[in-house]
Amino acid sequence: MKGIGDYAFYNCTGIKNINIPNSVTSIGSSAFGYCTGLSRIDISDIGAWCGISFGNTSANPLYYAKCLYLNGQEVTNLTIPNSVNCIGNCVFIGFKSLTSINIPNSVTSIGSSTFSGCTSLTSIVIPNSVTAIGEYAFSGCPLK
């Protein structure tokens, strides 16, 4: 599977957990819109997750689930792998259990609304290699 289409799971309030395979490269607009029952998103590769193109904020199931699991372990302290050059738009939007992020020197850009709504985020390391940060990238974060 390469992509999940627009409105694919729109208003599916009964979905509790979802596993997004590494092969997914795009998730269409509102694909998970109003999936208010979501509580867990499972992935196996942070690098692949960072590369997904999300159609809008409600395309990302994390917007509703608030928690991300990597290989079965809940992520709270996130280290982006060196293989990542760009963290796309809305990739970690609404990730409420995220407390810290370490971004490597390989990353040159952070997309719009990437960490928006990460209300537990208190620590981030952004290297000098990052030359572009999109609008609202850290909106709603308690960073000072």
# chains A, B, ... in the order shown; residues from 1 in each chain; ligands from 1

$ select_by_dssp --residues "range 10-133 of chain A" --states "alpha helix (DSSP H)" --output "ChimeraX atom specification"
/A:46-50,62-65

$ write_last_selection --atoms "C-alpha atoms" --output "CSV table (one decimal), in the first residue's frame"
chain,number,residue,atom,x,y,z
A,46,ILE,CA,10.2,6.9,12.4
A,47,GLY,CA,12.1,7.8,9.2
A,48,ALA,CA,9.3,6.4,7.0
A,49,TRP,CA,6.7,8.2,9.2
A,50,CYS,CA,8.6,11.5,8.8
A,62,LEU,CA,-2.1,11.0,15.4
A,63,TYR,CA,-4.2,14.2,15.4
A,64,TYR,CA,-7.0,12.2,17.2
A,65,ALA,CA,-5.0,9.3,18.8

$ residues_around --residues "Pro81 in chain A" --least-positions-apart "3" --cutoff "10 Å" --atoms "only C-alpha atoms" --output "list in words"
Asp45, Ile46, Gly47, Ala48, Cys50, Leu78, Val84, Asn85, Asn102, Ile103, Pro104, Asn105, Ser106 and Val107 of chain A

$ write_last_selection --atoms "N, CA, C and O atoms" --output "short mmCIF file (atom, residue, chain, number, x, y, z; two decimals), in the first residue's frame"
data_model
loop_
_atom_site.label_atom_id
_atom_site.label_comp_id
_atom_site.auth_asym_id
_atom_site.auth_seq_id
_atom_site.Cartn_x
_atom_site.Cartn_y
_atom_site.Cartn_z
N ASP A 45 8.87 2.46 11.81
CA ASP A 45 10.02 3.22 11.31
C ASP A 45 9.71 4.72 11.38
O ASP A 45 8.88 5.22 10.63
N ILE A 46 10.39 5.42 12.29
CA ILE A 46 10.19 6.88 12.42
C ILE A 46 10.59 7.60 11.13
O ILE A 46 9.93 8.55 10.71
N GLY A 47 11.65 7.13 10.47
CA GLY A 47 12.08 7.76 9.22
C GLY A 47 10.99 7.70 8.16
O GLY A 47 10.73 8.70 7.47
N ALA A 48 10.36 6.55 8.01
CA ALA A 48 9.27 6.41 7.04
C ALA A 48 8.10 7.31 7.42
O ALA A 48 7.49 7.97 6.57
N CYS A 50 8.20 10.15 9.06
CA CYS A 50 8.57 11.54 8.78
C CYS A 50 8.39 11.90 7.31
O CYS A 50 8.21 13.07 6.97
N LEU A 78 11.54 11.50 21.47
CA LEU A 78 11.71 11.16 20.06
C LEU A 78 13.08 11.57 19.54
O LEU A 78 13.48 12.72 19.70
N VAL A 84 16.81 10.97 7.87
CA VAL A 84 15.76 11.94 7.55
C VAL A 84 16.36 13.29 7.19
O VAL A 84 17.18 13.83 7.91
N ASN A 85 15.93 13.84 6.03
CA ASN A 85 16.38 15.16 5.58
C ASN A 85 15.33 16.23 5.81
O ASN A 85 15.64 17.39 5.97
N ASN A 102 14.86 15.16 19.55
CA ASN A 102 16.24 15.40 19.15
C ASN A 102 16.28 15.27 17.64
O ASN A 102 16.00 14.20 17.09
N ILE A 103 16.62 16.35 16.97
CA ILE A 103 16.67 16.39 15.51
C ILE A 103 18.13 16.37 15.08
O ILE A 103 18.91 17.21 15.52
N PRO A 104 18.52 15.45 14.19
CA PRO A 104 19.92 15.35 13.76
C PRO A 104 20.31 16.40 12.73
O PRO A 104 19.44 17.06 12.14
N ASN A 105 21.61 16.53 12.49
CA ASN A 105 22.15 17.49 11.52
C ASN A 105 21.73 17.18 10.08
O ASN A 105 21.87 18.03 9.21
N SER A 106 21.22 15.99 9.81
CA SER A 106 20.79 15.64 8.46
C SER A 106 19.52 16.38 8.05
O SER A 106 19.25 16.57 6.87
N VAL A 107 18.74 16.85 9.02
CA VAL A 107 17.47 17.53 8.74
C VAL A 107 17.71 18.98 8.35
O VAL A 107 18.41 19.70 9.06
#

$ residues_around --residues "Ile52 in chain A" --least-positions-apart "3" --cutoff "10 Å" --atoms "only C-alpha atoms" --output "number ranges by chain"
A: 2-3, 22-27, 47-49, 55, 60, 87-91

$ write_last_selection --atoms "all heavy atoms" --output "compact mmCIF listing (two decimals), in the first residue's frame"
# COMPACT_ATOMS: atom_id res chain seq x y z
N LYS A 2 0.67 2.13 -0.96
CA LYS A 2 1.45 3.36 -1.05
C LYS A 2 0.74 4.56 -0.47
O LYS A 2 1.36 5.48 0.02
CB LYS A 2 1.80 3.64 -2.52
CG LYS A 2 2.72 2.63 -3.10
CD LYS A 2 4.06 3.23 -3.29
CE LYS A 2 4.95 2.22 -3.96
NZ LYS A 2 6.26 2.25 -3.45
N GLY A 3 -0.59 4.55 -0.53
CA GLY A 3 -1.32 5.71 -0.05
C GLY A 3 -2.70 5.34 0.50
O GLY A 3 -3.24 4.29 0.19
N ASN A 22 5.23 0.84 6.67
CA ASN A 22 6.30 1.69 6.14
C ASN A 22 6.11 2.03 4.67
O ASN A 22 6.67 3.01 4.19
CB ASN A 22 7.66 1.01 6.31
CG ASN A 22 8.05 0.84 7.75
OD1 ASN A 22 7.51 1.52 8.62
ND2 ASN A 22 8.96 -0.07 8.01
N SER A 23 5.33 1.25 3.96
CA SER A 23 5.13 1.47 2.53
C SER A 23 4.23 2.67 2.24
O SER A 23 4.22 3.18 1.12
CB SER A 23 4.53 0.22 1.88
OG SER A 23 3.29 -0.10 2.50
N VAL A 24 3.49 3.17 3.24
CA VAL A 24 2.59 4.31 3.03
C VAL A 24 3.42 5.59 2.88
O VAL A 24 4.21 5.93 3.76
CB VAL A 24 1.58 4.45 4.18
CG1 VAL A 24 0.79 5.75 4.07
CG2 VAL A 24 0.63 3.26 4.20
N THR A 25 3.22 6.28 1.77
CA THR A 25 3.95 7.52 1.51
C THR A 25 3.03 8.74 1.49
O THR A 25 3.51 9.87 1.53
CB THR A 25 4.72 7.45 0.18
OG1 THR A 25 3.79 7.17 -0.88
CG2 THR A 25 5.79 6.36 0.23
N SER A 26 1.72 8.50 1.42
CA SER A 26 0.79 9.63 1.43
C SER A 26 -0.54 9.23 2.07
O SER A 26 -0.97 8.08 1.95
CB SER A 26 0.54 10.16 0.01
OG SER A 26 -0.16 9.21 -0.75
N ILE A 27 -1.12 10.20 2.77
CA ILE A 27 -2.43 10.00 3.38
C ILE A 27 -3.26 11.23 2.99
O ILE A 27 -2.89 12.36 3.29
CB ILE A 27 -2.35 9.83 4.90
CG1 ILE A 27 -1.51 8.58 5.25
CG2 ILE A 27 -3.74 9.72 5.51
CD1 ILE A 27 -1.33 8.32 6.73
N GLY A 47 11.65 7.13 10.47
CA GLY A 47 12.08 7.76 9.22
C GLY A 47 10.99 7.70 8.16
O GLY A 47 10.73 8.70 7.47
N ALA A 48 10.36 6.55 8.01
CA ALA A 48 9.27 6.41 7.04
C ALA A 48 8.10 7.31 7.42
O ALA A 48 7.49 7.97 6.57
CB ALA A 48 8.82 4.96 6.95
N TRP A 49 7.79 7.39 8.72
CA TRP A 49 6.69 8.24 9.20
C TRP A 49 6.96 9.70 8.88
O TRP A 49 6.07 10.42 8.44
CB TRP A 49 6.50 8.03 10.71
CG TRP A 49 5.38 8.84 11.29
CD1 TRP A 49 5.50 10.01 11.97
CD2 TRP A 49 3.98 8.55 11.23
NE1 TRP A 49 4.25 10.46 12.35
CE2 TRP A 49 3.31 9.59 11.91
CE3 TRP A 49 3.25 7.51 10.68
CZ2 TRP A 49 1.93 9.60 12.04
CZ3 TRP A 49 1.86 7.54 10.81
CH2 TRP A 49 1.22 8.58 11.49
N GLY A 55 -2.37 15.09 3.63
CA GLY A 55 -3.20 16.03 2.88
C GLY A 55 -3.64 17.25 3.67
O GLY A 55 -3.80 18.33 3.13
N ASN A 60 -3.82 13.01 9.35
CA ASN A 60 -2.93 12.30 10.26
C ASN A 60 -3.73 11.70 11.41
O ASN A 60 -4.35 12.42 12.19
CB ASN A 60 -1.87 13.26 10.81
CG ASN A 60 -0.78 12.55 11.56
OD1 ASN A 60 -0.99 11.49 12.12
ND2 ASN A 60 0.40 13.16 11.58
N ILE A 87 11.35 16.87 7.70
CA ILE A 87 10.19 16.42 8.48
C ILE A 87 8.99 17.13 7.88
O ILE A 87 8.90 18.36 7.95
CB ILE A 87 10.36 16.73 9.98
CG1 ILE A 87 11.67 16.14 10.52
CG2 ILE A 87 9.17 16.21 10.76
CD1 ILE A 87 12.01 16.57 11.93
N GLY A 88 8.10 16.39 7.28
CA GLY A 88 7.01 16.96 6.51
C GLY A 88 5.93 17.67 7.31
O GLY A 88 5.94 17.68 8.54
N ASN A 89 4.98 18.24 6.59
CA ASN A 89 3.85 18.95 7.19
C ASN A 89 2.99 18.01 8.03
O ASN A 89 2.70 16.89 7.61
CB ASN A 89 2.96 19.57 6.11
CG ASN A 89 3.67 20.61 5.28
OD1 ASN A 89 4.68 21.17 5.68
ND2 ASN A 89 3.15 20.86 4.10
N CYS A 90 2.59 18.46 9.18
CA CYS A 90 1.62 17.78 10.05
C CYS A 90 2.07 16.41 10.55
O CYS A 90 1.26 15.65 11.07
CB CYS A 90 0.27 17.62 9.35
SG CYS A 90 -0.47 19.16 8.79
N VAL A 91 3.33 16.06 10.44
CA VAL A 91 3.80 14.71 10.76
C VAL A 91 3.56 14.31 12.22
O VAL A 91 3.20 13.17 12.49
CB VAL A 91 5.29 14.54 10.38
CG1 VAL A 91 5.85 13.24 10.90
CG2 VAL A 91 5.45 14.62 8.87

$ select_by_dssp --residues "range 73-142 of chain A" --states "strand (DSSP E)" --output "PyMOL selection string"
chain A and resi 73-74+77-79+86-87+100-102+109-110+123-125+132-133

$ write_last_selection --atoms "N, CA and C atoms" --output "PDB file, in the first residue's frame"
ATOM      1  N   GLN A  73       6.350   0.091  21.507  1.00  0.00           N
ATOM      2  CA  GLN A  73       6.697   0.926  22.662  1.00  0.00           C
ATOM      3  C   GLN A  73       6.172   2.345  22.460  1.00  0.00           C
ATOM      4  N   GLU A  74       5.500   2.882  23.463  1.00  0.00           N
ATOM      5  CA  GLU A  74       4.998   4.248  23.349  1.00  0.00           C
ATOM      6  C   GLU A  74       6.161   5.230  23.263  1.00  0.00           C
ATOM      7  N   ASN A  77       9.920  10.361  24.146  1.00  0.00           N
ATOM      8  CA  ASN A  77      11.174  11.043  23.805  1.00  0.00           C
ATOM      9  C   ASN A  77      11.550  10.583  22.406  1.00  0.00           C
ATOM     10  N   LEU A  78      11.540  11.499  21.466  1.00  0.00           N
ATOM     11  CA  LEU A  78      11.709  11.160  20.059  1.00  0.00           C
ATOM     12  C   LEU A  78      13.080  11.569  19.544  1.00  0.00           C
ATOM     13  N   THR A  79      13.778  10.630  18.921  1.00  0.00           N
ATOM     14  CA  THR A  79      15.022  10.931  18.218  1.00  0.00           C
ATOM     15  C   THR A  79      14.775  10.648  16.748  1.00  0.00           C
ATOM     16  N   CYS A  86      14.075  15.806   5.785  1.00  0.00           N
ATOM     17  CA  CYS A  86      12.957  16.740   5.905  1.00  0.00           C
ATOM     18  C   CYS A  86      11.871  16.103   6.757  1.00  0.00           C
ATOM     19  N   ILE A  87      11.345  16.867   7.702  1.00  0.00           N
ATOM     20  CA  ILE A  87      10.194  16.416   8.482  1.00  0.00           C
ATOM     21  C   ILE A  87       8.990  17.134   7.882  1.00  0.00           C
ATOM     22  N   SER A 100       9.969  15.286  24.397  1.00  0.00           N
ATOM     23  CA  SER A 100      11.240  15.826  23.901  1.00  0.00           C
ATOM     24  C   SER A 100      11.540  15.308  22.495  1.00  0.00           C
ATOM     25  N   ILE A 101      12.292  16.115  21.751  1.00  0.00           N
ATOM     26  CA  ILE A 101      12.677  15.773  20.378  1.00  0.00           C
ATOM     27  C   ILE A 101      14.149  16.090  20.200  1.00  0.00           C
ATOM     28  N   ASN A 102      14.857  15.160  19.550  1.00  0.00           N
ATOM     29  CA  ASN A 102      16.235  15.398  19.155  1.00  0.00           C
ATOM     30  C   ASN A 102      16.283  15.265  17.636  1.00  0.00           C
ATOM     31  N   SER A 109      14.826  20.846   6.920  1.00  0.00           N
ATOM     32  CA  SER A 109      13.567  21.585   6.986  1.00  0.00           C
ATOM     33  C   SER A 109      12.533  20.858   7.845  1.00  0.00           C
ATOM     34  N   ILE A 110      11.697  21.665   8.468  1.00  0.00           N
ATOM     35  CA  ILE A 110      10.582  21.191   9.284  1.00  0.00           C
ATOM     36  C   ILE A 110       9.326  21.817   8.690  1.00  0.00           C
ATOM     37  N   SER A 123      11.164  19.998  25.548  1.00  0.00           N
ATOM     38  CA  SER A 123      12.573  20.002  25.174  1.00  0.00           C
ATOM     39  C   SER A 123      12.735  19.639  23.707  1.00  0.00           C
ATOM     40  N   ILE A 124      13.501  20.458  22.993  1.00  0.00           N
ATOM     41  CA  ILE A 124      13.790  20.178  21.584  1.00  0.00           C
ATOM     42  C   ILE A 124      15.186  20.683  21.246  1.00  0.00           C
ATOM     43  N   VAL A 125      15.884  19.908  20.435  1.00  0.00           N
ATOM     44  CA  VAL A 125      17.187  20.309  19.926  1.00  0.00           C
ATOM     45  C   VAL A 125      17.038  20.462  18.420  1.00  0.00           C
ATOM     46  N   ALA A 132      14.826  25.907   7.238  1.00  0.00           N
ATOM     47  CA  ALA A 132      13.435  26.303   6.980  1.00  0.00           C
ATOM     48  C   ALA A 132      12.519  25.629   7.997  1.00  0.00           C
ATOM     49  N   ILE A 133      11.658  26.442   8.609  1.00  0.00           N
ATOM     50  CA  ILE A 133      10.642  25.941   9.528  1.00  0.00           C
ATOM     51  C   ILE A 133       9.311  26.520   9.073  1.00  0.00           C
TER      52      ILE A 133
END

$ residues_around --residues "Tyr7 in chain A" --least-positions-apart "5" --cutoff "12 Å" --atoms "only C-alpha atoms" --output "list in words"
Cys12, Ile27, Gly28, Ser29, Ser30, Ala31, Phe32, Gly33, Tyr34, Cys35, Gly55, Asn56, Ser58, Ala59, Asn60 and Pro61 of chain A
